[in-house]
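Colleague: Input structure: target-v4.cif, which contains mmCIF, C-alpha atoms.
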```cif
data_upload
#
loop_
_atom_site.group_PDB
_atom_site.id
_atom_site.type_symbol
_atom_site.label_atom_id
_atom_site.label_comp_id
_atom_site.auth_asym_id
_atom_site.auth_seq_id
_atom_site.Cartn_x
_atom_site.Cartn_y
_atom_site.Cartn_z
ATOM 1 C CA MET P 555 -70.679 63.324 -110.332
ATOM 2 C CA ASP P 556 -68.385 62.764 -107.463
ATOM 3 C CA ASN P 557 -69.014 59.945 -104.972
ATOM 4 C CA GLN P 558 -67.371 61.626 -102.034
ATOM 5 C CA PRO P 559 -69.362 61.517 -98.780
ATOM 6 C CA LYS P 560 -71.188 64.700 -97.926
ATOM 7 C CA THR P 561 -70.175 66.547 -94.824
ATOM 8 C CA ALA P 562 -72.484 68.382 -92.465
ATOM 9 C CA GLY P 563 -73.722 71.646 -93.808
ATOM 10 C CA GLU P 564 -73.147 70.729 -97.464
ATOM 11 C CA PRO P 565 -76.317 70.904 -99.594
ATOM 12 C CA VAL P 566 -77.890 67.641 -100.824
ATOM 13 C CA SER P 567 -78.341 67.349 -104.555
ATOM 14 C CA ARG P 568 -81.792 67.031 -106.063
ATOM 15 C CA ARG P 569 -80.912 63.524 -107.365
ATOM 16 C CA SER P 570 -79.811 62.339 -103.899
ATOM 17 C CA PHE P 571 -82.905 63.834 -102.283
ATOM 18 C CA LEU P 572 -85.223 62.055 -104.747
ATOM 19 C CA SER P 573 -83.299 58.812 -104.328
ATOM 20 C CA TYR P 574 -83.657 58.956 -100.513
ATOM 21 C CA SER P 575 -87.316 59.981 -100.764
ATOM 22 C CA LEU P 576 -88.177 57.130 -103.130
ATOM 23 C CA GLY P 577 -86.295 54.653 -100.933
ATOM 24 C CA LEU P 578 -88.146 55.788 -97.804
ATOM 25 C CA SER P 579 -91.492 55.776 -99.663
ATOM 26 C CA GLY P 580 -90.845 52.207 -100.858
ATOM 27 C CA LEU P 581 -89.915 51.134 -97.330
ATOM 28 C CA ALA P 582 -93.049 52.746 -95.877
ATOM 29 C CA PHE P 583 -95.249 51.182 -98.588
ATOM 30 C CA SER P 584 -93.684 47.738 -97.982
ATOM 31 C CA ALA P 585 -94.303 48.044 -94.244
ATOM 32 C CA LEU P 586 -97.847 49.254 -94.885
ATOM 33 C CA LEU P 587 -98.592 46.110 -96.935
ATOM 34 C CA GLY P 588 -96.255 43.701 -95.183
ATOM 35 C CA VAL P 589 -97.557 44.039 -91.622
ATOM 36 C CA PRO P 590 -101.210 43.165 -92.483
ATOM 37 C CA LEU P 591 -100.098 40.352 -94.819
ATOM 38 C CA ALA P 592 -97.843 38.884 -92.124
ATOM 39 C CA GLY P 593 -100.711 39.115 -89.628
ATOM 40 C CA PHE P 594 -103.039 37.393 -92.077
ATOM 41 C CA ALA P 595 -100.519 34.598 -92.685
ATOM 42 C CA LEU P 596 -99.646 34.047 -89.004
ATOM 43 C CA ASN P 597 -103.106 34.541 -87.459
ATOM 44 C CA PRO P 598 -104.351 30.930 -87.882
ATOM 45 C CA ALA P 599 -101.309 29.635 -86.000
ATOM 46 C CA LEU P 600 -101.754 32.134 -83.165
ATOM 47 C CA VAL P 601 -105.531 31.978 -82.630
ATOM 48 C CA LYS P 602 -106.809 29.279 -80.308
ATOM 49 C CA GLU P 603 -109.642 27.284 -81.872
ATOM 50 C CA ASN P 604 -112.961 27.865 -80.135
ATOM 51 C CA VAL P 605 -114.607 24.434 -79.829
ATOM 52 C CA LYS P 606 -118.407 24.517 -79.744
ATOM 53 C CA TRP P 607 -119.740 21.640 -77.678
ATOM 54 C CA LEU P 608 -123.090 20.186 -78.741
ATOM 55 C CA GLU P 609 -125.338 18.597 -76.158
ATOM 56 C CA VAL P 610 -126.060 15.109 -77.497
ATOM 57 C CA ILE P 611 -127.909 12.902 -74.994
ATOM 58 C CA ASN P 612 -128.265 11.971 -71.336
ATOM 59 C CA ILE P 613 -125.517 9.443 -70.651
ATOM 60 C CA GLU P 614 -128.013 7.094 -68.923
ATOM 61 C CA GLU P 615 -130.042 6.773 -72.150
ATOM 62 C CA ILE P 616 -127.166 5.111 -74.033
ATOM 63 C CA PRO P 617 -127.431 1.317 -73.893
ATOM 64 C CA ALA P 618 -124.219 -0.651 -73.274
ATOM 65 C CA ASP P 619 -122.585 -2.215 -76.359
ATOM 66 C CA GLN P 620 -125.470 -1.057 -78.575
ATOM 67 C CA PRO P 621 -124.970 1.817 -81.061
ATOM 68 C CA LEU P 622 -127.615 4.513 -80.907
ATOM 69 C CA ARG P 623 -128.243 7.115 -83.601
ATOM 70 C CA VAL P 624 -128.975 10.546 -82.125
ATOM 71 C CA ASN P 625 -130.139 13.625 -84.018
ATOM 72 C CA VAL P 626 -128.603 16.768 -82.568
ATOM 73 C CA LYS P 627 -130.007 20.259 -83.221
ATOM 74 C CA PHE P 628 -127.660 23.220 -83.249
ATOM 75 C CA ARG P 629 -127.497 26.799 -84.499
ATOM 76 C CA ARG P 630 -125.013 27.712 -87.211
ATOM 77 C CA LYS P 631 -124.154 31.224 -88.269
ATOM 78 C CA ASP P 632 -123.756 31.583 -92.036
ATOM 79 C CA GLY P 633 -122.663 35.115 -92.772
ATOM 80 C CA TRP P 634 -125.400 37.265 -91.264
ATOM 81 C CA ALA P 635 -128.037 34.508 -91.229
ATOM 82 C CA GLU P 636 -128.369 32.106 -88.338
ATOM 83 C CA LYS P 637 -129.864 28.706 -89.116
ATOM 84 C CA GLU P 638 -131.008 25.808 -87.002
ATOM 85 C CA GLU P 639 -129.636 22.555 -88.354
ATOM 86 C CA THR P 640 -129.742 18.899 -87.393
ATOM 87 C CA LYS P 641 -126.902 16.428 -87.603
ATOM 88 C CA SER P 642 -126.860 12.728 -86.805
ATOM 89 C CA ILE P 643 -124.278 11.240 -84.471
ATOM 90 C CA TRP P 644 -123.807 7.580 -83.591
ATOM 91 C CA VAL P 645 -123.017 7.024 -79.897
ATOM 92 C CA VAL P 646 -121.740 3.789 -78.382
ATOM 93 C CA LYS P 647 -121.013 2.951 -74.750
ATOM 94 C CA LEU P 648 -118.181 0.393 -74.700
ATOM 95 C CA GLY P 649 -117.108 -0.547 -71.208
ATOM 96 C CA GLY P 650 -116.493 2.743 -69.407
ATOM 97 C CA GLU P 651 -115.930 4.725 -72.610
ATOM 98 C CA VAL P 652 -118.518 6.584 -74.686
ATOM 99 C CA ILE P 653 -117.641 7.044 -78.359
ATOM 100 C CA ALA P 654 -119.410 9.448 -80.722
ATOM 101 C CA TYR P 655 -119.005 8.788 -84.452
ATOM 102 C CA SER P 656 -119.782 10.996 -87.416
ATOM 103 C CA ALA P 657 -122.801 9.530 -89.215
ATOM 104 C CA LEU P 658 -120.994 9.771 -92.571
ATOM 105 C CA CYS P 659 -119.017 6.964 -94.192
ATOM 106 C CA THR P 660 -115.334 7.750 -94.725
ATOM 107 C CA HIS P 661 -115.519 6.507 -98.330
ATOM 108 C CA LEU P 662 -117.820 9.044 -100.012
ATOM 109 C CA GLY P 663 -119.705 10.616 -97.106
ATOM 110 C CA CYS P 664 -122.880 8.517 -97.381
ATOM 111 C CA ALA P 665 -125.062 7.798 -94.335
ATOM 112 C CA TYR P 666 -124.627 4.344 -92.845
ATOM 113 C CA THR P 667 -126.742 2.178 -90.525
ATOM 114 C CA TRP P 668 -126.153 -0.367 -87.754
ATOM 115 C CA ARG P 669 -126.880 -3.982 -88.661
ATOM 116 C CA GLU P 670 -127.597 -5.718 -85.384
ATOM 117 C CA GLU P 671 -127.571 -9.256 -86.822
ATOM 118 C CA GLN P 672 -124.020 -8.806 -88.212
ATOM 119 C CA LYS P 673 -122.833 -6.379 -85.512
ATOM 120 C CA VAL P 674 -121.494 -3.930 -88.119
ATOM 121 C CA PHE P 675 -122.082 -0.412 -89.316
ATOM 122 C CA TYR P 676 -123.050 -0.820 -92.967
ATOM 123 C CA CYS P 677 -122.933 1.756 -95.756
ATOM 124 C CA PRO P 678 -125.381 0.682 -98.495
ATOM 125 C CA CYS P 679 -123.841 2.910 -101.202
ATOM 126 C CA HIS P 680 -120.717 0.842 -101.837
ATOM 127 C CA GLY P 681 -120.845 -1.914 -99.227
ATOM 128 C CA GLY P 682 -118.551 -0.327 -96.645
ATOM 129 C CA MET P 683 -118.541 -2.059 -93.243
ATOM 130 C CA PHE P 684 -117.161 -0.993 -89.862
ATOM 131 C CA ASP P 685 -117.062 -2.826 -86.514
ATOM 132 C CA ILE P 686 -118.464 -1.319 -83.308
ATOM 133 C CA GLN P 687 -115.071 0.345 -82.624
ATOM 134 C CA GLY P 688 -115.330 2.109 -86.010
ATOM 135 C CA ASN P 689 -112.615 0.068 -87.764
ATOM 136 C CA VAL P 690 -113.039 -0.878 -91.435
ATOM 137 C CA THR P 691 -114.021 -4.544 -91.840
ATOM 138 C CA GLY P 692 -115.045 -4.558 -95.498
ATOM 139 C CA GLY P 693 -115.641 -2.578 -98.643
ATOM 140 C CA PRO P 694 -113.853 0.473 -100.045
ATOM 141 C CA PRO P 695 -113.630 2.905 -97.066
ATOM 142 C CA PRO P 696 -110.005 4.063 -96.785
ATOM 143 C CA ARG P 697 -109.987 4.648 -93.016
ATOM 144 C CA PRO P 698 -111.988 4.132 -89.794
ATOM 145 C CA LEU P 699 -115.031 6.202 -88.855
ATOM 146 C CA ASP P 700 -114.358 9.784 -87.780
ATOM 147 C CA ARG P 701 -114.946 10.438 -84.080
ATOM 148 C CA TYR P 702 -116.100 13.456 -82.141
ATOM 149 C CA GLU P 703 -114.182 14.683 -79.149
ATOM 150 C CA THR P 704 -116.488 13.946 -76.191
ATOM 151 C CA LYS P 705 -116.946 14.889 -72.561
ATOM 152 C CA VAL P 706 -119.630 14.362 -69.935
ATOM 153 C CA GLU P 707 -121.049 17.281 -67.932
ATOM 154 C CA ASN P 708 -123.949 17.015 -65.499
ATOM 155 C CA GLY P 709 -124.822 13.555 -66.822
ATOM 156 C CA ARG P 710 -125.044 14.790 -70.441
ATOM 157 C CA LEU P 711 -122.794 13.682 -73.301
ATOM 158 C CA LEU P 712 -121.281 16.607 -75.212
ATOM 159 C CA ALA P 713 -119.656 16.334 -78.645
ATOM 160 C CA GLY P 714 -116.970 18.783 -79.741
ATOM 161 C CA ARG P 715 -114.493 18.835 -82.586
ATOM 162 C CA LEU P 716 -114.703 16.105 -85.257
ATOM 163 C CA MET P 717 -111.404 14.243 -85.433
ATOM 164 C CA ARG P 718 -110.282 12.360 -88.524
ATOM 165 C CA LYS P 719 -109.018 8.929 -87.544
ATOM 166 C CA GLU P 720 -106.318 7.419 -89.698
ATOM 167 C CA GLY P 721 -106.222 3.669 -90.132
#
```
Once you've parsed the file, please lay out its structure as structure tokens.
Modeller:
Amino acid sequence: MDNQPKTAGEPVSRRSFLSYSLGLSGLAFSALLGVPLAGFALNPALVKENVKWLEVINIEEIPADQPLRVNVKFRRKDGWAEKEETKSIWVVKLGGEVIAYSALCTHLGCAYTWREEQKVFYCPCHGGMFDIQGNVTGGPPPRPLDRYETKVENGRLLAGRLMRKEG
């Protein structure tokens, strides 16, 4: 076979036609799969996270320098079912700041309590202890308590995204 370029008007061989057709089919198939896969891979980086704010408590009900455990009810959609759930949040008013902590220990996710006499959050499972600012003061927890993003609207404390705090 001769590798000379074809000129206009010269017939294309069957082999060349099939080669071009298969090449174009492969390109079309790659684009057909590649565009959705690229969208799937890039979508999380392009979509803005929709933060759901939970109404926690009236800001006036939080005592100063005294942690308060609050149970918050919210609706969660699980597939097609919608469920009402309750989660506990510890709130503390320190000076002019209100902090909302996750009610789960950062060691193994156990529930902890506030020990007024020692002024510490105490996890009974493995002896983890945290001060009122959420910092580890004893036991095995690897990092401080996780905090919720908070804001105040119309005198109500709202909790948003849970933020992992590194120690």
Colleague: Convert the output of the PyMOL selection byres ((chain P and resi 670) around 12) on the shown file into explicit residues, formatted as a list in words.
Modeller: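 Evaluating the PyMOL selection byres ((chain P and resi 670) around 12) on these coordinates yields Asp619, Gln620, Pro621, Leu622, Thr667, Trp668, Arg669, Glu671, Gln672, Lys673, Val674, Phe675, Tyr676, Asp685 and Ile686 of chain P.
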Colleague: Please provide the set of residues having any atom within 12 Å of Glu638 of chain P, restricted to all atoms listed in the file, with same-chain residues fewer than 2 positions apart removed, written as a PyMOL selection string.
Modeller: chain P and resi 626-632+635-636+640-641
Colleague: Between atom CA of Leu596 of chain P and atom CA of Ala713 of chain P, what is the distance, to one decimal in Å?
Modeller: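 Rounded to one decimal, the two atoms are 28.7 Å apart.
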Colleague: Which is closer to Lys647 of chain P than all the others in P:Val624, P:Ala582, P:Leu662, P:Ile616, using only C-alpha atoms?
Modeller: P:Ile616
Colleague: How many Å lie between atom CA of Ser570 of chain P and atom CA of Ala585 of chain P, rounded to one decimal?
Modeller: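 According to the coordinates, atom CA of Ser570 of chain P and atom CA of Ala585 of chain P are separated by 22.5 Å.
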Colleague: To verify the selection step, state as a PDB file with C-alpha atoms, in the frame of the given file which residues the PyMOL selection byres ((chain P and resi 666) around 9) yields on this input.
Modeller:
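Saved file part05.pdb follows:
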```
ATOM      1  CA  ALA P 657    -122.801   9.530 -89.215  1.00  0.00           C
ATOM      2  CA  LEU P 658    -120.994   9.771 -92.571  1.00  0.00           C
ATOM      3  CA  CYS P 659    -119.017   6.964 -94.192  1.00  0.00           C
ATOM      4  CA  CYS P 664    -122.880   8.517 -97.381  1.00  0.00           C
ATOM      5  CA  ALA P 665    -125.062   7.798 -94.335  1.00  0.00           C
ATOM      6  CA  THR P 667    -126.742   2.178 -90.525  1.00  0.00           C
ATOM      7  CA  TRP P 668    -126.153  -0.367 -87.754  1.00  0.00           C
ATOM      8  CA  PHE P 675    -122.082  -0.412 -89.316  1.00  0.00           C
ATOM      9  CA  TYR P 676    -123.050  -0.820 -92.967  1.00  0.00           C
ATOM     10  CA  CYS P 677    -122.933   1.756 -95.756  1.00  0.00           C
ATOM     11  CA  PRO P 678    -125.381   0.682 -98.495  1.00  0.00           C
ATOM     12  CA  CYS P 679    -123.841   2.910-101.202  1.00  0.00           C
ATOM     13  CA  GLY P 682    -118.551  -0.327 -96.645  1.00  0.00           C
ATOM     14  CA  MET P 683    -118.541  -2.059 -93.243  1.00  0.00           C
TER      15      MET P 683
END
```
Colleague: To test your reading of the syntax: which residues would the PyMOL selection byres ((chain P and resi 651) around 12) return for the file shown? Reply as a ChimeraX atom specification.
Modeller: /P:613,616,618-619,645-650,652-654,687,704-706,711
Colleague: Can you pull out every residue within 8 Å of Pro694 of chain P, counting all atoms listed in the file, but drop anything in the same chain fewer than 6 positions away, and send it as a VMD selection string?
Modeller: chain P and resid 661 680 to 682
Colleague: Saving segment 563-643 of chain P with C-alpha atoms, as a PDB file, in the first residue's frame, what would that file be?
Modeller:
```
ATOM      1  CA  GLY P 563     -11.600  13.613  -5.629  1.00  0.00           C
ATOM      2  CA  GLU P 564      -9.578  10.421  -5.116  1.00  0.00           C
ATOM      3  CA  PRO P 565     -11.599   7.573  -3.561  1.00  0.00           C
ATOM      4  CA  VAL P 566     -10.865   6.556   0.053  1.00  0.00           C
ATOM      5  CA  SER P 567      -9.967   2.934   0.582  1.00  0.00           C
ATOM      6  CA  ARG P 568     -12.153   0.691   2.697  1.00  0.00           C
ATOM      7  CA  ARG P 569      -9.287   0.257   5.219  1.00  0.00           C
ATOM      8  CA  SER P 570      -8.836   4.035   5.602  1.00  0.00           C
ATOM      9  CA  PHE P 571     -12.581   4.558   5.955  1.00  0.00           C
ATOM     10  CA  LEU P 572     -12.828   1.930   8.720  1.00  0.00           C
ATOM     11  CA  SER P 573      -9.763   3.351  10.446  1.00  0.00           C
ATOM     12  CA  TYR P 574     -11.268   6.877  10.471  1.00  0.00           C
ATOM     13  CA  SER P 575     -14.676   5.558  11.544  1.00  0.00           C
ATOM     14  CA  LEU P 576     -13.231   3.565  14.443  1.00  0.00           C
ATOM     15  CA  GLY P 577     -11.118   6.544  15.522  1.00  0.00           C
ATOM     16  CA  LEU P 578     -14.127   8.879  15.506  1.00  0.00           C
ATOM     17  CA  SER P 579     -16.277   6.277  17.310  1.00  0.00           C
ATOM     18  CA  GLY P 580     -13.600   5.896  20.007  1.00  0.00           C
ATOM     19  CA  LEU P 581     -13.363   9.673  20.384  1.00  0.00           C
ATOM     20  CA  ALA P 582     -17.150  10.010  20.662  1.00  0.00           C
ATOM     21  CA  PHE P 583     -17.335   7.140  23.184  1.00  0.00           C
ATOM     22  CA  SER P 584     -14.517   8.685  25.269  1.00  0.00           C
ATOM     23  CA  ALA P 585     -16.292  12.046  25.295  1.00  0.00           C
ATOM     24  CA  LEU P 586     -19.582  10.351  26.155  1.00  0.00           C
ATOM     25  CA  LEU P 587     -17.992   8.738  29.238  1.00  0.00           C
ATOM     26  CA  GLY P 588     -15.410  11.393  30.023  1.00  0.00           C
ATOM     27  CA  VAL P 589     -17.702  14.411  30.387  1.00  0.00           C
ATOM     28  CA  PRO P 590     -19.966  12.829  33.073  1.00  0.00           C
ATOM     29  CA  LEU P 591     -16.951  11.348  34.896  1.00  0.00           C
ATOM     30  CA  ALA P 592     -15.191  14.726  34.915  1.00  0.00           C
ATOM     31  CA  GLY P 593     -18.381  16.356  36.211  1.00  0.00           C
ATOM     32  CA  PHE P 594     -18.670  13.731  38.933  1.00  0.00           C
ATOM     33  CA  ALA P 595     -15.039  14.245  39.974  1.00  0.00           C
ATOM     34  CA  LEU P 596     -15.156  18.066  39.937  1.00  0.00           C
ATOM     35  CA  ASN P 597     -18.673  18.598  41.335  1.00  0.00           C
ATOM     36  CA  PRO P 598     -17.740  18.491  45.061  1.00  0.00           C
ATOM     37  CA  ALA P 599     -15.186  21.259  44.526  1.00  0.00           C
ATOM     38  CA  LEU P 600     -17.652  23.435  42.612  1.00  0.00           C
ATOM     39  CA  VAL P 601     -20.797  23.032  44.739  1.00  0.00           C
ATOM     40  CA  LYS P 602     -21.171  25.383  47.679  1.00  0.00           C
ATOM     41  CA  GLU P 603     -21.997  23.522  50.889  1.00  0.00           C
ATOM     42  CA  ASN P 604     -25.501  24.258  52.136  1.00  0.00           C
ATOM     43  CA  VAL P 605     -25.202  24.717  55.915  1.00  0.00           C
ATOM     44  CA  LYS P 606     -28.351  23.840  57.857  1.00  0.00           C
ATOM     45  CA  TRP P 607     -28.604  25.963  60.980  1.00  0.00           C
ATOM     46  CA  LEU P 608     -30.271  24.361  64.000  1.00  0.00           C
ATOM     47  CA  GLU P 609     -32.068  26.533  66.510  1.00  0.00           C
ATOM     48  CA  VAL P 610     -30.499  25.662  69.865  1.00  0.00           C
ATOM     49  CA  ILE P 611     -31.638  27.961  72.688  1.00  0.00           C
ATOM     50  CA  ASN P 612     -32.555  31.518  73.625  1.00  0.00           C
ATOM     51  CA  ILE P 613     -29.260  33.279  74.305  1.00  0.00           C
ATOM     52  CA  GLU P 614     -30.620  34.701  77.600  1.00  0.00           C
ATOM     53  CA  GLU P 615     -31.138  31.173  78.984  1.00  0.00           C
ATOM     54  CA  ILE P 616     -27.407  30.370  78.890  1.00  0.00           C
ATOM     55  CA  PRO P 617     -25.756  31.073  82.246  1.00  0.00           C
ATOM     56  CA  ALA P 618     -22.347  32.792  82.206  1.00  0.00           C
ATOM     57  CA  ASP P 619     -19.312  30.517  82.701  1.00  0.00           C
ATOM     58  CA  GLN P 620     -21.570  27.492  83.273  1.00  0.00           C
ATOM     59  CA  PRO P 621     -21.865  24.763  80.598  1.00  0.00           C
ATOM     60  CA  LEU P 622     -25.411  23.800  79.712  1.00  0.00           C
ATOM     61  CA  ARG P 623     -26.422  20.638  77.868  1.00  0.00           C
ATOM     62  CA  VAL P 624     -29.182  21.289  75.330  1.00  0.00           C
ATOM     63  CA  ASN P 625     -31.108  18.677  73.358  1.00  0.00           C
ATOM     64  CA  VAL P 626     -31.876  19.915  69.862  1.00  0.00           C
ATOM     65  CA  LYS P 627     -34.574  18.357  67.653  1.00  0.00           C
ATOM     66  CA  PHE P 628     -34.152  18.417  63.899  1.00  0.00           C
ATOM     67  CA  ARG P 629     -35.445  16.663  60.792  1.00  0.00           C
ATOM     68  CA  ARG P 630     -33.077  14.540  58.732  1.00  0.00           C
ATOM     69  CA  LYS P 631     -33.830  13.155  55.310  1.00  0.00           C
ATOM     70  CA  ASP P 632     -32.559   9.599  54.837  1.00  0.00           C
ATOM     71  CA  GLY P 633     -33.228   8.576  51.272  1.00  0.00           C
ATOM     72  CA  TRP P 634     -36.980   8.975  50.881  1.00  0.00           C
ATOM     73  CA  ALA P 635     -37.743   8.815  54.616  1.00  0.00           C
ATOM     74  CA  GLU P 636     -37.671  11.895  56.796  1.00  0.00           C
ATOM     75  CA  LYS P 637     -36.940  11.351  60.481  1.00  0.00           C
ATOM     76  CA  GLU P 638     -37.044  13.570  63.521  1.00  0.00           C
ATOM     77  CA  GLU P 639     -33.891  13.167  65.567  1.00  0.00           C
ATOM     78  CA  THR P 640     -32.426  14.670  68.713  1.00  0.00           C
ATOM     79  CA  LYS P 641     -28.818  15.590  69.305  1.00  0.00           C
ATOM     80  CA  SER P 642     -27.163  16.983  72.412  1.00  0.00           C
ATOM     81  CA  ILE P 643     -25.020  20.100  72.280  1.00  0.00           C
TER      82      ILE P 643
END
```
